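Visitor: Sharing final-v1.cif below, mmCIF, C-alpha atoms:
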data_start
#
loop_
_atom_site.label_atom_id
_atom_site.label_comp_id
_atom_site.auth_asym_id
_atom_site.auth_seq_id
_atom_site.Cartn_x
_atom_site.Cartn_y
_atom_site.Cartn_z
CA MET A 1 79.86 75.97 79.75
CA ALA A 2 82.17 77.99 77.48
CA ARG A 3 81.90 81.00 79.82
CA LEU A 4 82.64 78.86 82.84
CA TRP A 5 85.63 77.17 81.24
CA LYS A 6 86.98 80.62 80.47
CA ARG A 7 86.32 82.08 83.95
CA ARG A 8 86.95 78.79 85.86
CA SER A 9 84.32 79.78 88.45
CA ALA A 10 81.37 82.14 88.47
CA THR A 11 78.05 82.92 90.10
CA VAL A 12 74.79 83.03 88.16
CA ARG A 13 74.98 86.83 88.26
CA ASP A 14 78.51 86.76 86.70
CA ILE A 15 77.28 84.64 83.81
CA VAL A 16 74.18 86.78 83.25
CA GLU A 17 76.39 89.88 83.06
CA ASP A 18 78.88 88.12 80.85
CA LEU A 19 76.17 87.00 78.44
CA ALA A 20 74.47 90.40 78.47
CA ARG A 21 77.21 91.73 76.17
CA THR A 22 75.89 89.55 73.35
CA ARG A 23 72.35 88.53 74.35
CA GLU A 24 69.74 89.42 76.97
CA LEU A 25 68.83 86.45 79.13
CA ALA A 26 66.73 86.57 82.29
CA TYR A 27 68.51 85.75 85.56
CA THR A 28 66.04 82.91 86.25
CA THR A 29 66.69 81.37 82.81
CA VAL A 30 70.44 81.27 83.38
CA MET A 31 69.96 80.00 86.93
CA THR A 32 67.68 77.18 85.74
CA ILE A 33 70.22 76.10 83.14
CA MET A 34 73.09 76.19 85.64
CA VAL A 35 71.12 74.23 88.22
CA ARG A 36 70.32 71.61 85.56
CA LEU A 37 73.98 71.43 84.52
CA HIS A 38 74.85 70.93 88.18
CA GLU A 39 72.25 68.16 88.49
CA LYS A 40 73.70 66.47 85.42
CA GLY A 41 77.16 66.57 87.02
CA LEU A 42 78.64 69.03 84.55
CA LEU A 43 79.04 71.78 87.14
CA GLU A 44 80.11 71.67 90.78
CA ARG A 45 78.99 74.36 93.17
CA THR A 46 79.97 75.64 96.62
CA ARG A 47 78.02 78.00 98.78
CA GLU A 48 79.73 81.30 99.50
CA GLY A 49 77.57 83.47 101.72
CA LYS A 50 74.10 83.61 100.18
CA THR A 51 75.11 82.61 96.65
CA TYR A 52 76.43 79.54 94.89
CA VAL A 53 79.73 79.65 93.02
CA TYR A 54 79.79 77.23 90.07
CA ARG A 55 82.83 75.49 88.59
CA PRO A 56 83.05 73.06 85.62
CA SER A 57 83.41 69.46 86.82
CA HIS A 58 85.69 68.66 83.88
CA THR A 59 88.05 70.56 81.61
CA ARG A 60 86.90 71.32 78.08
CA ASP A 61 89.01 68.42 76.70
CA GLU A 62 87.72 66.00 79.31
CA HIS A 63 84.17 67.05 78.51
CA ARG A 64 84.76 66.56 74.79
CA ALA A 65 86.17 63.09 75.42
CA ARG A 66 83.21 62.14 77.65
CA LEU A 67 80.76 63.44 75.05
CA SER A 68 82.42 61.43 72.30
CA ARG A 69 82.32 58.30 74.45
CA ASP A 70 78.67 58.83 75.33
CA LEU A 71 77.69 59.32 71.70
CA VAL A 72 79.41 56.10 70.71
CA ARG A 73 77.90 54.16 73.57
CA GLY A 74 74.51 55.55 72.64
CA LEU A 75 74.89 54.35 69.08
CA VAL A 76 75.81 50.85 70.16
CA ALA A 77 73.23 50.68 72.94
CA GLU A 78 70.50 51.78 70.53
CA PHE A 79 71.28 49.72 67.50
CA GLY A 80 73.56 46.92 68.62
CA ASP A 81 74.83 44.64 65.88
CA ALA A 82 73.41 46.73 63.09
CA ALA A 83 75.45 49.73 64.20
CA LEU A 84 78.57 47.65 64.60
CA ALA A 85 78.76 47.23 60.85
CA ALA A 86 79.41 50.95 60.60
CA PHE A 87 82.39 52.66 58.99
CA SER A 88 83.03 54.42 62.22
CA ALA A 89 86.34 54.40 63.95
CA GLU A 90 84.61 56.11 66.86
CA LEU A 91 83.25 52.71 67.78
CA ASP A 92 86.69 51.36 68.32
CA THR A 93 89.89 51.62 70.29
CA VAL A 94 92.94 53.08 68.59
CA ASP A 95 96.24 53.46 70.41
CA ALA A 96 98.64 56.39 69.97
CA THR A 97 100.97 54.44 67.63
CA HIS A 98 98.21 53.59 65.19
CA ARG A 99 96.79 57.09 65.45
CA ALA A 100 100.18 58.56 64.49
CA ALA A 101 100.64 56.06 61.64
CA LEU A 102 97.25 56.96 60.22
CA ARG A 103 97.97 60.69 60.49
CA ARG A 104 101.23 60.22 58.56
CA LEU A 105 99.39 58.23 55.92
CA ALA A 106 96.64 60.84 55.65
CA GLN A 107 99.25 63.58 55.11
CA LYS A 108 101.85 61.63 53.14
CA ASP A 109 100.44 61.81 49.63
CA THR A 110 99.42 65.44 50.05
CA ARG A 111 103.04 66.38 50.80
CA GLU A 112 104.34 64.18 47.99
CA ALA A 113 101.92 65.77 45.55
CA ARG A 114 103.21 69.25 46.31
CA MET B 1 87.42 34.38 44.68
CA LYS B 2 88.53 36.88 47.34
CA ARG B 3 89.85 35.81 50.71
CA ALA B 4 86.75 36.88 52.64
CA ASP B 5 84.59 34.89 50.20
CA ARG B 6 86.78 31.81 50.66
CA VAL B 7 86.49 32.12 54.45
CA PHE B 8 82.73 32.55 54.11
CA THR B 9 82.50 29.42 51.94
CA VAL B 10 84.59 27.39 54.40
CA MET B 11 82.46 28.69 57.27
CA LEU B 12 79.21 27.74 55.52
CA GLY B 13 80.60 24.33 54.55
CA LEU B 14 81.66 23.66 58.12
CA ALA B 15 78.31 24.96 59.38
CA PHE B 16 76.30 22.66 57.08
CA ALA B 17 78.47 19.62 57.88
CA SER B 18 78.26 20.31 61.62
CA SER B 19 74.51 20.87 61.40
CA ALA B 20 74.09 17.52 59.62
CA ILE B 21 76.06 15.63 62.31
CA LEU B 22 74.31 17.37 65.19
CA LEU B 23 70.87 16.92 63.58
CA ALA B 24 71.59 13.21 63.14
CA LEU B 25 72.52 13.05 66.83
CA LEU B 26 69.33 14.83 67.81
CA LEU B 27 67.18 12.47 65.74
CA THR B 28 69.02 9.47 67.22
CA LEU B 29 68.35 10.63 70.75
CA VAL B 30 64.73 11.78 70.42
CA PRO B 31 63.19 8.29 70.92
CA ARG B 32 65.39 7.77 73.97
CA VAL B 33 64.37 11.11 75.42
CA GLU B 34 60.70 10.22 74.91
CA GLN B 35 61.27 7.06 76.95
CA LEU B 36 63.20 9.06 79.52
CA VAL B 37 60.30 11.48 79.96
CA ALA B 38 57.91 8.56 80.39
CA ARG B 39 59.90 6.51 82.90
CA GLY B 40 62.74 8.75 84.20
CA ALA B 41 66.52 8.24 83.95
CA GLU B 42 67.53 4.61 84.46
CA ASP B 43 71.15 4.50 83.33
CA THR B 44 74.09 6.63 82.13
CA ALA B 45 72.84 6.58 78.54
CA ASP B 46 69.62 8.28 79.68
CA VAL B 47 71.59 11.05 81.43
CA VAL B 48 73.78 11.54 78.34
CA ALA B 49 70.69 11.76 76.12
CA ALA B 50 69.11 14.36 78.40
CA LEU B 51 72.34 16.41 78.51
CA VAL B 52 72.80 16.36 74.73
CA LEU B 53 69.16 17.31 74.23
CA LEU B 54 69.66 20.27 76.58
CA LEU B 55 72.71 21.41 74.57
CA ALA B 56 70.70 21.06 71.34
CA VAL B 57 67.82 23.14 72.72
CA CYS B 58 70.33 25.83 73.76
CA GLY B 59 71.87 25.82 70.26
CA ILE B 60 68.52 26.08 68.47
CA SER B 61 67.45 28.87 70.84
CA LEU B 62 70.74 30.78 70.44
CA GLY B 63 70.47 30.58 66.64
CA PHE B 64 66.95 31.97 66.59
CA VAL B 65 67.77 34.61 69.22
CA ALA B 66 70.75 35.79 67.11
CA LEU B 67 68.54 35.93 64.02
CA PHE B 68 65.74 37.74 65.83
CA ARG B 69 68.16 40.14 67.55
CA GLN B 70 69.72 41.21 64.26
CA ILE B 71 66.41 41.66 62.49
CA VAL B 72 65.08 43.70 65.41
CA ALA B 73 68.31 45.77 65.62
CA THR B 74 68.09 46.53 61.91
CA ALA B 75 64.37 47.40 62.17
CA VAL B 76 65.08 49.70 65.12
CA LEU B 77 67.95 51.25 63.21
CA ILE B 78 65.73 51.96 60.24
CA ARG B 79 62.79 53.20 62.31
CA GLY B 80 64.84 55.26 64.73
CA LEU B 81 67.53 56.62 62.48
CA VAL B 82 67.03 56.12 58.79
CA ALA B 83 63.40 57.26 59.00
CA GLU B 84 64.76 60.71 59.88
CA LYS B 85 66.56 61.05 56.58
CA ILE B 86 67.03 64.41 54.96
CA GLU B 87 67.59 65.56 51.40
CA LEU B 88 71.04 64.61 50.07
CA PRO B 89 73.52 67.47 50.66
CA SER B 90 75.27 68.73 47.53
CA SER B 91 78.64 67.38 48.75
CA VAL B 92 77.18 63.84 48.87
CA ILE B 93 75.68 64.22 45.39
CA VAL B 94 79.07 65.35 44.06
CA ALA B 95 80.96 62.58 45.90
CA ALA B 96 78.54 59.90 44.67
CA SER B 97 78.55 60.95 41.02
CA GLY B 98 79.47 58.10 38.72
CA LEU B 99 79.38 55.49 41.50
CA ASP B 100 76.11 53.95 40.34
CA LEU B 101 74.50 54.52 43.72
CA ASP B 102 71.46 56.50 42.53
CA GLY B 103 68.61 56.17 45.02
CA ARG B 104 70.71 53.95 47.30
CA ILE B 105 72.07 56.60 49.69
CA ASP B 106 70.33 58.05 52.75
CA VAL B 107 71.64 60.93 54.83
CA VAL B 108 70.29 61.22 58.36
CA ALA B 109 70.53 64.15 60.74
CA ASP B 110 72.73 62.90 63.57
CA GLU B 111 75.56 64.42 65.58
CA ARG B 112 77.47 61.11 65.57
CA PRO B 113 79.79 60.66 62.58
CA PHE B 114 79.06 57.29 60.99
CA SER B 115 78.15 55.50 57.81
CA PHE B 116 76.95 51.97 57.25
CA CYS B 117 75.40 49.65 54.75
CA TYR B 118 72.05 48.19 55.81
CA TRP B 119 69.18 45.97 54.72
CA PHE B 120 69.44 42.53 53.27
CA LEU B 121 68.22 41.93 49.72
CA ARG B 122 68.65 45.41 48.26
CA PRO B 123 71.09 47.11 50.66
CA ARG B 124 71.36 50.87 51.05
CA ILE B 125 74.03 53.22 52.39
CA CYS B 126 73.38 55.52 55.31
CA LEU B 127 75.55 58.54 56.16
CA SER B 128 75.12 60.88 59.12
CA THR B 129 75.19 64.66 58.72
CA ALA B 130 78.08 64.79 61.23
CA LEU B 131 80.15 62.55 58.95
CA VAL B 132 79.23 64.56 55.85
CA GLU B 133 80.20 67.82 57.59
CA ARG B 134 83.48 66.40 58.85
CA LEU B 135 84.78 65.02 55.53
CA ASP B 136 85.70 66.72 52.27
CA VAL B 137 84.40 65.45 48.92
CA ASP B 138 87.38 63.14 48.24
CA GLU B 139 87.12 61.60 51.70
CA LEU B 140 83.36 61.19 51.31
CA ARG B 141 83.91 59.47 47.99
CA ALA B 142 86.39 57.08 49.63
CA VAL B 143 83.79 56.24 52.30
CA LEU B 144 81.16 55.70 49.58
CA HIS B 145 83.54 53.36 47.71
CA HIS B 146 84.03 51.43 50.96
CA GLU B 147 80.28 51.16 51.57
CA ARG B 148 79.58 50.36 47.91
CA TYR B 149 81.75 47.27 48.30
CA HIS B 150 79.55 46.10 51.21
CA LEU B 151 76.42 46.97 49.22
CA ARG B 152 77.47 45.04 46.11
CA GLN B 153 78.51 42.03 48.17
CA ARG B 154 75.24 42.12 50.15
CA ASP B 155 77.34 41.96 53.31
CA PRO B 156 74.45 42.67 55.75
CA LEU B 157 72.75 39.48 54.47
CA ARG B 158 75.96 37.46 54.68
CA GLN B 159 76.51 38.75 58.19
CA ILE B 160 73.06 37.76 59.45
CA VAL B 161 73.39 34.25 57.96
CA ALA B 162 76.89 33.82 59.41
CA ARG B 163 75.81 35.06 62.84
CA TYR B 164 72.85 32.67 62.85
CA PHE B 165 75.13 29.69 62.24
CA ALA B 166 77.81 30.91 64.66
CA ALA B 167 75.22 31.19 67.45
CA GLY B 168 73.30 28.00 66.64
CA LEU B 169 76.50 25.98 66.32
CA TYR B 170 77.98 27.26 69.57
CA VAL B 171 79.34 23.77 70.29
CA VAL B 172 81.61 24.28 67.26
CA PRO B 173 83.29 27.53 68.45
CA VAL B 174 85.61 27.69 65.44
CA VAL B 175 82.60 28.83 63.36
CA ASP B 176 82.37 31.95 65.54
CA GLU B 177 86.09 32.60 65.11
CA LEU B 178 85.75 32.26 61.32
CA LEU B 179 82.89 34.78 61.48
CA THR B 180 85.11 37.22 63.39
CA PHE B 181 87.88 36.88 60.82
CA HIS B 182 85.39 37.16 57.95
CA THR B 183 83.97 40.40 59.38
CA LEU B 184 87.41 41.97 59.67
CA GLN B 185 88.56 40.71 56.28
CA LYS B 186 85.43 42.25 54.75
CA GLU B 187 86.35 45.65 56.21
CA ILE B 188 89.88 45.32 54.88
CA GLU B 189 88.68 44.34 51.40
CA ALA B 190 86.22 47.26 51.42
CA ASP B 191 89.17 49.55 52.30
CA GLN B 192 91.26 48.01 49.50
CA GLU B 193 88.40 48.58 47.06
CA ALA B 194 88.16 52.22 48.20
CA MET B 195 91.92 52.70 47.77
CA ARG B 196 91.89 51.09 44.33
CA ALA B 197 88.97 53.25 43.21
CA SER B 198 90.43 56.45 44.71
CA GLY B 199 93.84 55.79 43.19
CA ASP B 200 95.64 56.49 46.47
CA VAL B 201 95.44 55.77 50.17
CA ARG B 202 95.24 59.41 51.32
CA SER B 203 91.49 60.02 51.02
CA LEU B 204 90.57 56.86 52.91
CA ALA B 205 93.29 57.32 55.55
CA SER B 206 92.26 60.92 56.02
CA ALA B 207 88.57 59.98 56.37
CA LEU B 208 89.43 57.30 58.92
CA TYR B 209 91.69 59.70 60.81
CA LYS B 210 88.94 62.28 61.04
CA LEU B 211 86.63 59.66 62.50
CA LEU B 212 88.98 58.56 65.26
CA PRO B 213 87.65 59.04 68.77
CA ASP B 214 88.47 62.42 70.24
CA ALA B 215 89.85 60.85 73.37
CA ASP B 216 92.83 58.54 73.60
CA ASP B 217 91.25 56.85 76.56
CA VAL B 218 88.18 55.56 74.72
CA SER B 219 88.32 51.90 75.56
CA LEU B 220 85.04 50.28 74.80
CA GLY B 221 86.13 46.92 73.44
CA LEU B 222 83.06 46.97 71.26
CA LEU B 223 84.41 45.31 68.20
CA VAL B 224 86.10 41.99 68.36
CA PRO B 225 89.84 42.28 68.86
CA VAL B 226 91.99 40.28 66.46
CA SER B 227 95.35 39.31 67.89
CA SER B 228 94.84 42.04 70.51
CA LEU B 229 94.28 44.68 67.82
CA SER B 230 90.95 46.45 67.46
CA VAL B 231 89.32 46.37 64.03
CA THR B 232 90.37 49.94 63.27
CA GLU B 233 93.96 49.23 64.35
CA ALA B 234 94.03 46.17 62.10
CA ARG B 235 92.65 48.30 59.25
CA ILE B 236 95.33 50.94 59.85
CA ASP B 237 98.05 48.26 59.85
CA GLN B 238 96.69 47.01 56.56
CA LEU B 239 96.70 50.52 55.07
CA VAL B 240 100.28 51.08 56.23
CA THR B 241 101.87 47.71 55.43
CA GLY B 242 99.47 46.14 52.91
CA ARG B 243 100.33 42.72 54.35
CA PRO B 244 97.50 40.18 54.29
CA LEU B 245 95.92 39.50 57.62
CA SER B 246 96.81 36.15 59.12
CA LEU B 247 93.99 33.83 60.03
CA ALA B 248 94.91 32.87 63.59
CA LEU B 249 92.31 30.51 64.97
CA SER B 250 92.57 29.56 68.62
CA PRO B 251 94.02 26.03 69.02
CA LEU B 252 91.56 25.45 71.88
CA SER B 253 88.59 26.32 69.68
CA ILE B 254 89.88 24.07 66.87
CA ALA B 255 90.46 21.20 69.30
CA LEU B 256 87.07 21.62 70.98
CA SER B 257 85.23 21.98 67.67
CA GLY B 258 86.88 18.88 66.21
CA GLY B 259 86.37 17.01 69.47
CA ALA B 260 82.70 17.99 69.61
CA LEU B 261 82.03 16.80 66.06
CA VAL B 262 83.88 13.51 66.58
CA ALA B 263 82.02 13.06 69.87
CA ALA B 264 78.68 13.69 68.17
CA ALA B 265 79.58 11.21 65.41
CA VAL B 266 80.50 8.55 68.02
CA LEU B 267 77.21 9.11 69.86
CA VAL B 268 75.32 8.76 66.56
CA ALA B 269 77.24 5.58 65.74
CA VAL B 270 76.37 3.92 69.05
CA LYS B 271 72.85 5.42 68.91
CA GLY B 272 73.38 7.08 72.23
CA GLY B 273 74.09 3.71 73.87
CA ALA B 274 71.17 1.85 72.27
CA SER B 275 73.07 0.09 69.46
CA VAL B 276 73.61 -3.66 69.54
CA ALA B 277 77.37 -3.21 69.17
CA PHE B 278 77.44 -0.93 72.23
CA GLU B 279 75.47 -3.38 74.36
CA THR B 280 77.85 -6.21 73.50
CA LEU B 281 80.88 -4.28 74.74
CA PRO B 282 81.95 -4.46 78.40
CA PRO B 283 80.26 -1.52 80.23
CA LEU B 284 83.57 -0.69 81.95
CA TYR B 285 84.99 0.42 78.56
CA ALA B 286 81.85 1.29 76.61
CA VAL B 287 80.22 3.69 79.08
CA PRO B 288 83.19 6.01 79.69
CA GLY B 289 84.69 5.60 76.19
CA LEU B 290 81.61 5.83 74.03
CA LEU B 291 79.12 7.74 76.17
CA VAL B 292 80.53 9.80 79.05
CA GLY B 293 83.75 10.81 77.22
CA PRO B 294 82.03 12.10 74.06
CA ALA B 295 79.30 13.79 76.11
CA SER B 296 81.97 15.55 78.23
CA LEU B 297 83.73 16.76 75.09
CA LEU B 298 80.46 18.16 73.77
CA PHE B 299 79.83 19.83 77.09
CA ALA B 300 83.33 21.40 77.19
CA ALA B 301 82.88 22.74 73.65
CA ALA B 302 79.47 24.09 74.65
CA VAL B 303 80.98 25.99 77.60
CA ASP B 304 83.68 27.55 75.39
CA GLY B 305 81.19 28.35 72.63
CA GLY B 306 78.67 29.69 75.14
CA LEU B 307 81.28 32.12 76.47
CA HIS B 308 81.92 33.29 72.87
CA GLN B 309 78.21 33.90 72.47
CA LEU B 310 77.92 35.84 75.72
CA ARG B 311 80.49 38.37 74.50
CA PRO B 312 78.05 40.62 72.56
CA LEU B 313 75.76 40.69 75.60
CA THR B 314 78.54 41.84 77.92
CA GLN B 315 79.63 44.41 75.35
CA ARG B 316 76.07 45.71 75.15
CA LEU B 317 75.82 45.94 78.93
CA PHE B 318 79.15 47.76 79.05
CA ALA B 319 78.04 50.14 76.31
CA GLN B 320 74.90 51.02 78.26
CA GLN B 321 76.79 51.81 81.46
#
Using structure tokens, write down the structure that the file contains.
Guide:
Amino acid sequence: MARLWKRRSATVRDIVEDLARTRELAYTTVMTIMVRLHEKGLLERTREGKTYVYRPSHTRDEHRARLSRDLVRGLVAEFGDAALAAFSAELDTVDATHRAALRRLAQKDTREAR
Amino acid sequence: MKRADRVFTVMLGLAFASSAILLALLLTLVPRVEQLVARGAEDTADVVAALVLLLAVCGISLGFVALFRQIVATAVLIRGLVAEKIELPSSVIVAASGLDLDGRIDVVADERPFSFCYWFLRPRICLSTALVERLDVDELRAVLHHERYHLRQRDPLRQIVARYFAAGLYVVPVVDELLTFHTLQKEIEADQEAMRASGDVRSLASALYKLLPDADDVSLGLLVPVSSLSVTEARIDQLVTGRPLSLALSPLSIALSGGALVAAAVLVAVKGGASVAFETLPPLYAVPGLLVGPASLLFAAAVDGGLHQLRPLTQRLFAQQ
């Protein structure tokens, strides 16, 4: 995914060559992973001639946000009430105003102590 | 006595008093329902008895379902998560030194950053590796102070008892609202304890900030909003302003709860329409005033309380989407 976010679009061959600088991976291994990522909706692909060109379905930030949301939902779906007692702001909604207020509070005493 | 403890005491007092009235009503109506089963409904009093019995069965079932659900959720939590615990990382050992939590902390390998207090009689604290990696020692210590408050207060046990009553007494919806306030107040008092022990607000605020969702658009509505604030937002407000949280109960819930209890008391007094005094009154006044009216009030409170009780189910469904 990191390579695709950097390149924006690539074929399996592009990624294999890209990765070859740091590690040797078989073409079929990379292709299998990219096909699975496509099946999971993380990559989109279009046919160009005889090959597929892959693109990330979401930006890196969007992906991070989705991942965070999925993790939280997983926690609640798995453990229900017991998980709700958690010290975990990730379970909750926090608007921009409160987020900024908390950031100021988290940094306030550090600055004052200097 | 702290504010959360006072609310808990009031909630238990109200729960016991309500249970006594509703149990008396149930016992009053049982003989009538037996007759009703044998010969079928003959008059309005029979219909009222059947309706009230139905509401009682729903309440008893909801109470036991809430109890069962929480015990199962905790068991699943322990089996699925806490069973995978690892050796305490050195940062946790350092952060927990002097907190009198020896043997009461578990760290589990999980990519989700969380901590919680679990189990009922001898509670324990669980931290995830993601949380431990994300926080520095001071922040970890603030989280441990927060959880130690829950541990010392045996909050998981209080919570399961309170949820049992809130579900079973769904016709008294104010009990559920008191539970919501109690849960939030507990979090705020745990934060206050952590701040007092840390000597400043920074470590706790910083820990909370690092645990905020990555995305601004996370809108799960998982925890119960208080005056349109989420629990974390209310906690942040408390950290910033230090003002005590106001207990704002819904006037509708108060009215319905009071109405339901008065209605139940009236039905007990007239023995569900079987008392001598009731039979001597003109049916034109007695039936609507002492039977249908109280039964309607109970039913309205049951609808409102039932909707309160459905909320966790809809949240769960939403979370699984």
Visitor: To verify the selection step, state as JSON, numbers by chain which residues the PyMOL selection byres ((chain A and resi 9) around 8) yields on this input.
Guide: {"A": [4, 5, 7, 8, 10, 11, 53, 54, 55, 56]}
Visitor: At what distance in Å, to one decimal, does atom CA of B:Ser115 lie from atom CA of B:Val94?
Guide: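 If I compute the distance from atom CA of B:Val94 to atom CA of B:Ser115, I get 16.9 Å.
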Visitor: Report the distance between atom CA of A:Asp61 and atom CA of B:Tyr209 in Å, rounded to one decimal place.
Guide: 18.3 Å
Visitor: In Å to one decimal, how far is atom CA of B:Val172 from atom CA of B:Ala17?
Guide: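 Atom CA of B:Ala17 sits 10.9 Å away from atom CA of B:Val172.
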Visitor: Could you pull the residues within 8 Å of stretch 25-30 of chain B, counting only C-alpha atoms, minus those fewer than 6 positions along the same chain, as a PDB file with C-alpha atoms, in the frame of the given file?
Guide:
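Contents of result.pdb, freshly written:
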ATOM      1  CA  ALA B  49      70.690  11.760  76.120  1.00  0.00           C
ATOM      2  CA  VAL B  52      72.800  16.360  74.730  1.00  0.00           C
ATOM      3  CA  LEU B  53      69.160  17.310  74.230  1.00  0.00           C
ATOM      4  CA  ALA B  56      70.700  21.060  71.340  1.00  0.00           C
ATOM      5  CA  ALA B 264      78.680  13.690  68.170  1.00  0.00           C
ATOM      6  CA  ALA B 265      79.580  11.210  65.410  1.00  0.00           C
ATOM      7  CA  LEU B 267      77.210   9.110  69.860  1.00  0.00           C
ATOM      8  CA  VAL B 268      75.320   8.760  66.560  1.00  0.00           C
ATOM      9  CA  LYS B 271      72.850   5.420  68.910  1.00  0.00           C
ATOM     10  CA  GLY B 272      73.380   7.080  72.230  1.00  0.00           C
TER      11      GLY B 272
END
Visitor: Would you write out, as a PyMOL selection string, every residue that the PyMOL selection byres ((chain B and resi 240-243) around 12) captures in this file?
Guide: (chain A and resi 97-106+108) or (chain B and resi 188-189+191-192+195+201-202+204-205+233-239+244-246)
Visitor: Choose the residue, out of B:Leu127, B:Ala45, B:Leu310, B:Ile21, that has the smallest atom-to-atom separation from B:Val82; count only C-alpha atoms.
Guide: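 Nearest to B:Val82: B:Leu127.
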Visitor: For B:Arg3, which residue out of B:Glu187, B:Asp110, B:Asp200, B:Glu34 is the nearest one, using only C-alpha atoms?
Guide: B:Glu187
Visitor: Skipping near chain neighbours, those fewer than 5 positions away, what residues fall within 10 Å of B:Glu133 using all atoms listed in the file, listed as a PyMOL selection string?
Guide: chain B and resi 89+91+111+113+128+140
Visitor: With all atoms listed in the file as the counted atoms, please give the residues lying no more than 8 Å from stretch 147-157 of chain B, apart from itself and same-chain residues fewer than 3 positions off, as a PyMOL selection string.
Guide: (chain A and resi 87) or (chain B and resi 101+115-125+143-144+160-161+186+190+193)
Visitor: Using only C-alpha atoms for the distances, tell me which of A:Ala96, A:Met1, A:Met31, A:Ala20 is nearest to A:Thr51.
Guide: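 For A:Thr51, the nearest of the given residues is A:Met31.
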Visitor: Dump N, CA and C atoms of stretch 72-86 of chain B from the given block, as a short mmCIF file (atom, residue, chain, number, x, y, z; two decimals), in the first residue's frame.
Guide:
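Saved as decode.cif:
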data_model
loop_
_atom_site.label_atom_id
_atom_site.label_comp_id
_atom_site.auth_asym_id
_atom_site.auth_seq_id
_atom_site.Cartn_x
_atom_site.Cartn_y
_atom_site.Cartn_z
N VAL B 72 -21.70 -12.58 30.23
CA VAL B 72 -21.15 -13.22 29.03
C VAL B 72 -20.10 -12.31 28.38
N ALA B 73 -20.42 -10.99 28.27
CA ALA B 73 -19.48 -10.05 27.64
C ALA B 73 -18.15 -10.04 28.39
N THR B 74 -18.25 -10.08 29.73
CA THR B 74 -17.01 -10.07 30.53
C THR B 74 -16.25 -11.38 30.33
N ALA B 75 -17.01 -12.51 30.31
CA ALA B 75 -16.35 -13.81 30.11
C ALA B 75 -15.66 -13.87 28.75
N VAL B 76 -16.34 -13.34 27.74
CA VAL B 76 -15.77 -13.33 26.38
C VAL B 76 -14.52 -12.44 26.36
N LEU B 77 -14.64 -11.31 27.06
CA LEU B 77 -13.51 -10.38 27.13
C LEU B 77 -12.29 -11.07 27.74
N ILE B 78 -12.55 -11.78 28.82
CA ILE B 78 -11.43 -12.44 29.52
C ILE B 78 -10.87 -13.57 28.65
N ARG B 79 -11.78 -14.37 28.08
CA ARG B 79 -11.32 -15.52 27.29
C ARG B 79 -10.65 -15.07 25.99
N GLY B 80 -11.21 -14.05 25.36
CA GLY B 80 -10.71 -13.66 24.05
C GLY B 80 -9.56 -12.68 24.08
N LEU B 81 -9.44 -11.96 25.18
CA LEU B 81 -8.46 -10.87 25.19
C LEU B 81 -7.46 -11.04 26.32
N VAL B 82 -7.99 -11.12 27.53
CA VAL B 82 -7.11 -11.14 28.69
C VAL B 82 -6.32 -12.45 28.76
N ALA B 83 -6.87 -13.52 28.17
CA ALA B 83 -6.17 -14.80 28.18
C ALA B 83 -4.86 -14.71 27.39
N GLU B 84 -4.79 -13.72 26.50
CA GLU B 84 -3.59 -13.58 25.66
C GLU B 84 -2.57 -12.64 26.31
N LYS B 85 -2.57 -12.58 27.62
CA LYS B 85 -1.71 -11.59 28.27
C LYS B 85 -0.23 -11.96 28.13
N ILE B 86 0.56 -10.92 28.15
CA ILE B 86 2.01 -11.10 28.02
C ILE B 86 2.68 -10.63 29.31
#
